[in-house]
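coords-v2.tsv (TSV, C-alpha atoms) appears below.
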```
chain	number	residue	atom	x	y	z
Q	282	MET	CA	27.87	-13.80	102.29
Q	283	LEU	CA	28.95	-10.44	100.92
Q	284	LEU	CA	28.34	-7.94	103.69
Q	285	ASP	CA	29.78	-4.95	101.82
Q	286	PRO	CA	29.31	-5.68	98.12
Q	287	PRO	CA	31.32	-3.76	95.52
Q	288	GLY	CA	30.00	-1.25	93.04
Q	289	PRO	CA	27.11	1.18	93.29
Q	290	ARG	CA	24.51	0.45	95.93
Q	291	GLY	CA	22.21	-2.29	94.68
Q	292	LYS	CA	24.40	-2.97	91.63
Q	293	PRO	CA	27.43	-4.97	92.77
Q	294	GLN	CA	27.89	-6.45	89.32
Q	295	GLY	CA	29.07	-3.05	88.09
Q	296	MET	CA	32.68	-3.56	89.21
Q	297	PRO	CA	34.99	-5.31	86.73
Q	298	HIS	CA	36.46	-7.66	89.34
Q	299	TRP	CA	33.07	-8.66	90.74
Q	300	PRO	CA	33.33	-12.29	89.47
Q	301	TYR	CA	36.65	-12.74	91.28
Q	302	VAL	CA	35.37	-11.15	94.50
Q	303	LYS	CA	32.32	-13.37	94.53
Q	304	ALA	CA	34.33	-16.52	93.75
Q	305	VAL	CA	36.75	-15.82	96.61
Q	306	ASP	CA	33.92	-15.07	99.04
Q	307	ASP	CA	32.12	-18.28	98.02
Q	308	ALA	CA	35.30	-20.33	98.55
Q	309	LEU	CA	35.81	-18.86	102.02
Q	310	THR	CA	32.20	-19.51	102.99
Q	311	ALA	CA	32.42	-23.10	101.76
Q	312	ARG	CA	35.56	-23.55	103.88
Q	313	GLY	CA	33.66	-22.40	106.96
Q	314	ILE	CA	35.62	-19.17	107.46
Q	315	PRO	CA	33.46	-16.41	105.96
Q	316	PRO	CA	35.00	-12.96	106.52
Q	317	GLY	CA	33.11	-10.48	108.64
Q	318	THR	CA	33.74	-7.71	106.12
Q	319	VAL	CA	34.10	-7.80	102.35
Q	320	ARG	CA	34.90	-4.53	100.65
Q	321	ALA	CA	35.66	-4.04	96.97
Q	322	SER	CA	36.07	-0.93	94.87
Q	323	HIS	CA	38.70	0.89	92.82
Q	324	HIS	CA	41.36	3.46	93.59
Q	325	GLY	CA	41.28	7.02	92.30
Q	326	LEU	CA	42.86	8.40	89.19
Q	327	GLU	CA	46.12	9.10	91.02
Q	328	ARG	CA	46.55	5.34	91.49
Q	329	GLY	CA	45.47	4.35	88.03
Q	330	LEU	CA	41.84	3.39	88.82
Q	331	THR	CA	43.08	-0.07	89.80
Q	332	THR	CA	40.58	-2.39	91.48
Q	333	TYR	CA	40.96	-3.89	94.94
Q	334	MET	CA	39.19	-5.93	97.61
Q	335	THR	CA	39.59	-6.26	101.38
Q	336	LEU	CA	38.55	-9.25	103.47
Q	337	ALA	CA	38.60	-8.90	107.26
Q	338	TRP	CA	38.07	-11.23	110.22
Q	339	ASP	CA	37.85	-9.62	113.65
Q	340	VAL	CA	38.97	-11.36	116.82
Q	341	SER	CA	35.60	-13.08	117.24
Q	342	ARG	CA	36.16	-15.00	113.99
Q	343	THR	CA	39.79	-16.05	114.48
Q	344	GLU	CA	41.97	-18.05	116.82
Q	345	GLY	CA	45.08	-16.63	118.43
Q	346	GLY	CA	43.88	-13.43	120.04
Q	347	GLY	CA	43.77	-11.05	117.09
Q	348	GLY	CA	42.21	-10.24	113.75
Q	349	ILE	CA	43.22	-11.02	110.17
Q	350	ARG	CA	42.93	-8.93	107.03
Q	351	LEU	CA	43.55	-9.97	103.42
Q	352	ASP	CA	44.03	-7.26	100.79
Q	353	TRP	CA	44.08	-7.81	97.05
Q	354	GLU	CA	45.11	-5.26	94.43
Q	355	GLU	CA	44.73	-5.88	90.73
Q	356	ARG	CA	48.36	-5.29	89.79
Q	357	LYS	CA	50.07	-6.33	93.03
Q	358	GLY	CA	48.28	-9.45	94.17
Q	359	TRP	CA	47.61	-10.48	97.78
Q	360	TYR	CA	48.79	-8.98	101.09
Q	361	TYR	CA	47.83	-9.84	104.65
Q	362	ALA	CA	47.76	-8.08	108.00
Q	363	LEU	CA	47.81	-9.40	111.56
Q	364	THR	CA	45.78	-7.01	113.70
Q	365	ASP	CA	45.34	-6.59	117.43
Q	366	LEU	CA	42.01	-6.70	119.26
Q	367	ARG	CA	41.11	-3.51	117.43
Q	368	PRO	CA	41.19	-4.01	113.65
Q	369	TYR	CA	43.03	-0.75	113.01
Q	370	ASP	CA	45.97	-1.74	115.23
Q	371	VAL	CA	48.12	-3.48	112.62
Q	372	LEU	CA	50.94	-5.61	114.02
Q	373	LEU	CA	52.25	-6.92	110.70
Q	374	TYR	CA	51.50	-6.13	107.07
Q	375	THR	CA	53.27	-7.94	104.26
Q	376	MET	CA	52.84	-9.78	100.98
Q	377	VAL	CA	51.32	-13.24	100.80
Q	378	THR	CA	54.45	-14.75	99.29
Q	379	VAL	CA	52.98	-18.24	98.90
Q	380	LEU	CA	50.43	-17.01	96.34
Q	381	ARG	CA	52.61	-16.81	93.26
Q	382	THR	CA	50.12	-15.27	90.84
Q	383	PRO	CA	48.36	-11.90	91.27
Q	384	MET	CA	44.92	-13.40	90.70
Q	385	ALA	CA	45.29	-16.69	92.55
Q	386	ALA	CA	42.59	-19.33	92.35
Q	387	PRO	CA	39.86	-18.77	94.98
Q	388	GLU	CA	40.45	-22.24	96.46
Q	389	THR	CA	44.11	-21.43	97.11
Q	390	VAL	CA	43.15	-18.07	98.65
Q	391	ALA	CA	40.88	-20.05	100.98
Q	392	ASP	CA	43.82	-22.34	101.87
Q	393	VAL	CA	45.89	-19.32	102.88
Q	394	ALA	CA	43.03	-17.65	104.73
Q	395	GLU	CA	42.25	-20.78	106.72
Q	396	GLU	CA	45.85	-21.07	107.92
Q	397	LEU	CA	45.87	-17.39	108.89
Q	398	VAL	CA	42.49	-17.46	110.63
Q	399	ARG	CA	43.21	-20.63	112.59
Q	400	HIS	CA	46.97	-20.37	113.20
Q	401	ARG	CA	47.99	-16.76	112.28
Q	402	ARG	CA	50.63	-18.00	109.84
Q	403	LEU	CA	51.05	-18.76	106.16
Q	404	PRO	CA	51.00	-22.30	104.74
Q	405	ASP	CA	54.32	-24.01	104.03
Q	406	GLN	CA	53.56	-24.68	100.37
Q	407	GLU	CA	53.37	-22.30	97.42
Q	408	PHE	CA	50.37	-21.94	95.09
Q	409	TRP	CA	50.77	-21.25	91.38
Q	410	THR	CA	47.24	-21.82	90.09
Q	411	GLU	CA	45.56	-18.80	88.53
Q	412	GLY	CA	41.85	-18.24	88.99
Q	413	ALA	CA	39.50	-19.31	86.25
Q	414	GLY	CA	38.40	-16.35	84.15
Q	415	ALA	CA	41.40	-14.25	85.18
Q	416	ARG	CA	41.94	-12.98	81.63
Q	417	ASP	CA	38.32	-11.88	81.42
Q	418	VAL	CA	38.72	-9.92	84.65
Q	419	TRP	CA	41.90	-8.24	83.37
Q	420	ALA	CA	40.12	-7.30	80.14
Q	421	ALA	CA	37.07	-5.98	82.01
Q	422	ALA	CA	39.31	-3.89	84.28
Q	423	THR	CA	41.10	-2.41	81.26
Q	424	ASP	CA	37.79	-1.50	79.61
Q	425	PHE	CA	36.58	-0.02	82.90
Q	426	ARG	CA	39.56	2.35	83.05
Q	427	ARG	CA	39.25	3.31	79.39
Q	428	ILE	CA	35.57	4.17	79.81
Q	429	ARG	CA	36.29	6.22	82.93
Q	430	LEU	CA	38.88	8.15	80.96
Q	431	GLY	CA	36.47	8.85	78.13
Q	432	LEU	CA	37.83	6.22	75.76
Q	433	GLY	CA	36.04	3.33	74.16
Q	434	PRO	CA	36.53	-0.25	75.27
Q	435	VAL	CA	39.27	-2.26	73.62
Q	436	GLY	CA	37.97	-3.91	70.45
Q	437	ARG	CA	37.80	-7.67	70.37
Q	438	PRO	CA	37.47	-9.92	67.34
Q	439	ASP	CA	34.00	-10.82	66.21
Q	440	HIS	CA	34.38	-14.42	65.08
Q	441	GLY	CA	31.03	-14.29	63.31
Q	442	SER	CA	31.77	-11.42	60.95
Q	443	GLY	CA	35.53	-11.79	60.74
Q	444	THR	CA	36.05	-8.11	61.51
Q	445	ARG	CA	37.91	-6.48	64.37
Q	446	GLU	CA	37.36	-3.13	65.99
Q	447	GLY	CA	40.01	-1.15	67.80
Q	448	VAL	CA	43.27	0.65	67.04
Q	449	GLN	CA	44.76	-0.03	63.62
Q	450	LEU	CA	48.47	0.47	63.03
Q	451	THR	CA	49.84	1.44	59.62
Q	452	ILE	CA	53.59	1.16	59.02
Q	453	ASP	CA	55.21	3.37	56.37
Q	454	THR	CA	57.89	1.28	54.69
Q	455	GLN	CA	59.38	3.93	52.41
Q	456	THR	CA	63.11	4.59	52.71
Q	457	PRO	CA	63.80	7.12	55.46
Q	458	ILE	CA	65.86	10.26	54.91
Q	459	PRO	CA	69.39	9.84	56.38
Q	460	MET	CA	70.02	11.84	59.54
Q	461	ASN	CA	73.21	13.52	60.66
Q	462	ARG	CA	74.60	13.53	64.16
Q	463	ARG	CA	72.42	16.45	65.16
Q	464	SER	CA	69.30	14.59	64.06
Q	465	ARG	CA	68.67	16.88	61.09
Q	466	PRO	CA	67.72	15.55	57.65
Q	467	CYS	CA	70.68	15.29	55.28
Q	468	ARG	CA	70.02	17.25	52.08
Q	469	PRO	CA	72.32	17.68	49.05
Q	470	PRO	CA	73.86	21.17	48.96
Q	471	THR	CA	72.50	23.71	46.57
Q	472	ALA	CA	73.85	26.96	45.19
Q	473	SER	CA	72.62	28.71	48.32
Q	474	THR	CA	74.23	26.20	50.70
Q	475	PRO	CA	77.06	27.95	52.58
Q	476	PRO	CA	80.45	26.28	53.03
Q	477	PRO	CA	82.16	24.27	54.45
Q	478	TRP	CA	80.46	21.44	52.55
Q	479	ARG	CA	81.72	19.90	49.30
Q	480	ALA	CA	80.62	16.87	47.38
Q	481	VAL	CA	82.67	13.69	47.63
Q	482	GLY	CA	82.13	10.18	46.36
Q	483	PRO	CA	79.40	8.02	47.90
Q	484	THR	CA	82.10	5.75	49.32
Q	485	LEU	CA	83.14	8.42	51.84
Q	486	PRO	CA	80.15	8.87	54.18
Q	487	ARG	CA	80.88	11.07	57.14
Q	488	ARG	CA	78.22	13.33	58.59
Q	489	CYS	CA	75.80	12.55	55.76
Q	490	PRO	CA	76.11	9.88	53.08
Q	491	GLY	CA	78.03	11.30	50.12
Q	492	TRP	CA	79.17	14.51	51.87
Q	493	ALA	CA	82.16	15.47	53.98
Q	494	ARG	CA	83.48	18.62	55.65
Q	495	ARG	CA	85.82	20.70	53.57
Q	496	ALA	CA	89.41	20.46	54.71
```
Re-express the file's structure as structure tokens.
Amino acid sequence: MLLDPPGPRGKPQGMPHWPYVKAVDDALTARGIPPGTVRASHHGLERGLTTYMTLAWDVSRTEGGGGIRLDWEERKGWYYALTDLRPYDVLLYTMVTVLRTPMAAPETVADVAEELVRHRRLPDQEFWTEGAGARDVWAAATDFRRIRLGLGPVGRPDHGSGTREGVQLTIDTQTPIPMNRRSRPCRPPTASTPPPWRAVGPTLPRRCPGWARRA
């Protein structure tokens, strides 16, 4: 059960990572270790508007005389904390190294959580499976940030019409003007060009193709 659902009050589906939060919470509940607190939101502009979630078990829900907290951040993946009797007294905080993908499958998150809740340690094995729908969550999070910044969502192909919206890149393939060492365009000298430049054959490129400093 989500005790602290993400997003605006009454509209938890408004957060881009809502499907992942719900899937993880459902997996934990099915395993018989529902967290006492589920919090999900996004960081401020100074941290890139990245999404996160926090799952917490106080001492009444764990074995071993302390609490457990699991933190997930969109770009960093999973971290865990061992807490004392009071949840804000953190004894250890470090990365969940056995989850090898940032958006690990909810079932593997439940495997890790169960080992932490019951034994206050990580499993011995590593988990490489990514959660189903991970790419959709990444795309939704990107669109969320773009909208918050006043930009439109990233265009995606419409397979029905065969058109695609979004940024279009045009490459100019015309021959570029040669540049000298000072990054200035090389131009042939004219009557008003001051010395010390003189024309030489095109086989003697120095500062600019076809031109060399007067001896």
Give me the segment 366-415 of chain Q side of the contact with segment 294-309 of chain Q, cut-off 10 Å, one line per residue showing its nearest atom pair and distance in Å at one decimal, counting only C-alpha atoms, sorted by chain and residue number, as CSV.
```
residue,atom,partner,partner_atom,distance
Q:Met384,CA,Q:Tyr301,CA,8.3
Q:Ala385,CA,Q:Val305,CA,9.5
Q:Ala386,CA,Q:Val305,CA,8.0
Q:Pro387,CA,Q:Val305,CA,4.6
Q:Glu388,CA,Q:Ala308,CA,5.9
Q:Thr389,CA,Q:Ala308,CA,9.0
Q:Val390,CA,Q:Val305,CA,7.1
Q:Ala391,CA,Q:Leu309,CA,5.3
Q:Asp392,CA,Q:Leu309,CA,8.7
Q:Ala394,CA,Q:Leu309,CA,7.8
Q:Glu395,CA,Q:Leu309,CA,8.2
Q:Gly412,CA,Q:Tyr301,CA,7.9
Q:Ala413,CA,Q:Tyr301,CA,8.8
Q:Gly414,CA,Q:Tyr301,CA,8.2
Q:Ala415,CA,Q:Tyr301,CA,7.9
```
A straight line from atom CA of Thr364 of chain Q to atom CA of Val319 of chain Q spans 16.3 Å
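Proximity to Gln406 of chain Q was assessed for Q:Arg381, Q:Arg367, Q:Lys357, Q:Arg312 counting only C-alpha atoms; the smallest distance is recorded for Q:Arg381.
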| query | If I put a ball of radius 12 Å at (34.3, -3.4, 80.6) in the file's coordinates, which residues poke into it when counting all atoms listed in the file, written as a VMD selection string? | reply | chain Q and resid 294 to 299 417 to 429 432 to 437
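Among Q:Trp338, Q:Tyr374, Q:Trp359, Q:Phe408, the residue with the shortest atom-to-atom distance to Pro316 of chain Q, counting all atoms listed in the file, is Q:Trp338.
When atom CA of Asp352 of chain Q is paired with atom CA of Leu330 of chain Q, their separation reads 16.2 Å.
Going from atom CA of Pro383 of chain Q over to atom CA of Leu336 of chain Q, you cover 15.9 Å.
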For Tyr369 of chain Q, the closest of Q:Arg356, Q:Arg328, Q:Arg350, Q:Arg416 counting all atoms listed in the file is Q:Arg350
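Taking all atoms listed in the file, the non-local environment of Thr375 of chain Q within 7 Å (same-chain residues fewer than 2 positions away omitted) comprises Tyr360, Tyr361, Ala362, Leu373 and Val377 of chain Q.
For the choices Q:Pro315, Q:Asp339, Q:Gly431, Q:Gly348, the atom-to-atom distance to Leu372 of chain Q is smallest for Q:Gly348 when using all atoms listed in the file.
If you measure from each of Q:Thr310, Q:Leu397, Q:Glu354, Q:Pro404 to Gly329 of chain Q using only C-alpha atoms, the closest one turns out to be Q:Glu354.
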